[in-house]
Amino acid sequence: MSYDLVNREAIRPGDLICRWTDDAVGFWIRVATKGRWNHDAIVVRHEGRLKIGDALMKSGCQLTEITEWERLCFEKRIRIIVLRPTFATPEQGELAAQWWLDHVRGHDYDRVAIWRLGLKWLVGDWLSGKVGLESNFFCTEGVRDAWQKGGKINPWWPETNPTPGTTFKRFKVGTLVEVMDSLTEAGKNYRINV
């Protein structure tokens, strides 16, 4: 079945695709990070096709078909938004996406970081430094590293412990902008309201 919610002509490698889910985990991530969505991923080009570079708790850092995210919009009522660092060139996006493919894909999801971020939220910010493992990635961390190390742009994510809430804050101040026409007419029904 074809869902056609994401406009493949408007998006490009390096774009961030962010997701809001209607479940308890998503709710608590949004509460803890003070954001409007609970997951960040990156658009990549792999074997000539656009895919999503996704860091998922159950399966690690993997490539996900865009059609899978579209299917989840229909079946699980997820909402999405596509962002891009302000003034980023297509070449920088390609470099960021390639960095994600070369350095993040295939690694384990950083479960240690998620538990420590939750602990920081509960008891305060007394944990300094990186909360997770150097060899693993959680969603926003992989996207941030791809842009800072590959795309050579810093949309002002913090050096340690970026979250979807941080990405939302960068969107609110304009260092990340929404990609216009990234969603089709049908896809606009599944856009995160910001």
# chains A, B, ... in the order shown; residues from 1 in each chain; ligands from 1
>>> residues_around(residues="Ile29 (chain A)", least_positions_apart="3", cutoff="10 Å", atoms="only C-alpha atoms", output="NGL selection string")
:A and (20 or 24-26 or 32-39 or 114 or 117-118 or 163-165)
>>> atom_distance(atom1="CA of Arg191 (chain A)", atom2="CA of Lys149 (chain A)")
29.1 Å
>>> select_by_dssp(residues="region 2-194 of chain A", states="strand (DSSP E or B)", output="PyMOL selection string")
chain A and resi 6+16-20+39-46+49-56+60-64+79-85+109+137+176-178+183+191
>>> atom_distance(atom1="CA of Asp15 (chain A)", atom2="CA of Phe74 (chain A)")
22.1 Å
>>> atom_distance(atom1="CA of Ile11 (chain A)", atom2="CA of Leu83 (chain A)")
9.2 Å
>>> select_by_dssp(residues="chain A", states="helix (DSSP H, G or I)", output="PyMOL selection string")
chain A and resi 24-33+66-76+90-103+111-123+139-150+164-173+187-190
>>> closest_residue(among="A:Glu47, A:Asp108, A:Glu91, A:Glu9", to="Ser59 (chain A)", atoms="only C-alpha atoms")
A:Asp108
>>> residues_around(residues="His107 (chain A)", least_positions_apart="6", cutoff="12 Å", atoms="only C-alpha atoms", output="list in words")
Gly53, Asp54, Ala55, Leu56, Met57, Ser59, Gly60, Cys61, Gln62, Leu63, Trp100, Leu101, Leu133, Glu134, Ser135, Asn136, Phe137, Phe138, Cys139 and Gly142 of chain A
>>> residues_around(residues="Val6 (chain A)", least_positions_apart="6", cutoff="9 Å", atoms="only C-alpha atoms", output="PyMOL selection string")
chain A and resi 66-67+70+181-184+186-188
>>> write_last_selection(atoms="C-alpha atoms", output="compact mmCIF listing (two decimals), in the first residue's frame")
# COMPACT_ATOMS: atom_id res chain seq x y z
CA ILE A 66 10.15 6.31 4.66
CA THR A 67 7.09 4.20 3.88
CA GLU A 70 4.16 6.84 6.70
CA ASP A 181 6.26 21.29 1.24
CA SER A 182 8.00 18.33 2.92
CA LEU A 183 4.58 16.80 3.49
CA THR A 184 2.02 16.12 0.79
CA ALA A 186 -2.48 14.09 2.81
CA GLY A 187 0.69 14.25 4.90
CA LYS A 188 -0.22 17.65 6.34
>>> residues_around(residues="Ile17 (chain A)", least_positions_apart="2", cutoff="9 Å", atoms="only C-alpha atoms", output="MDAnalysis selection string")
chainID A and resid 15 19 39:43 52 80:84
>>> closest_residue(among="A:Arg77, A:Arg71, A:Arg8, A:His103", to="Asp145 (chain A)", atoms="only C-alpha atoms")
A:His103
>>> closest_residue(among="A:Thr21, A:Thr89, A:Asp110, A:Val44", to="Thr64 (chain A)", atoms="only C-alpha atoms")
A:Val44
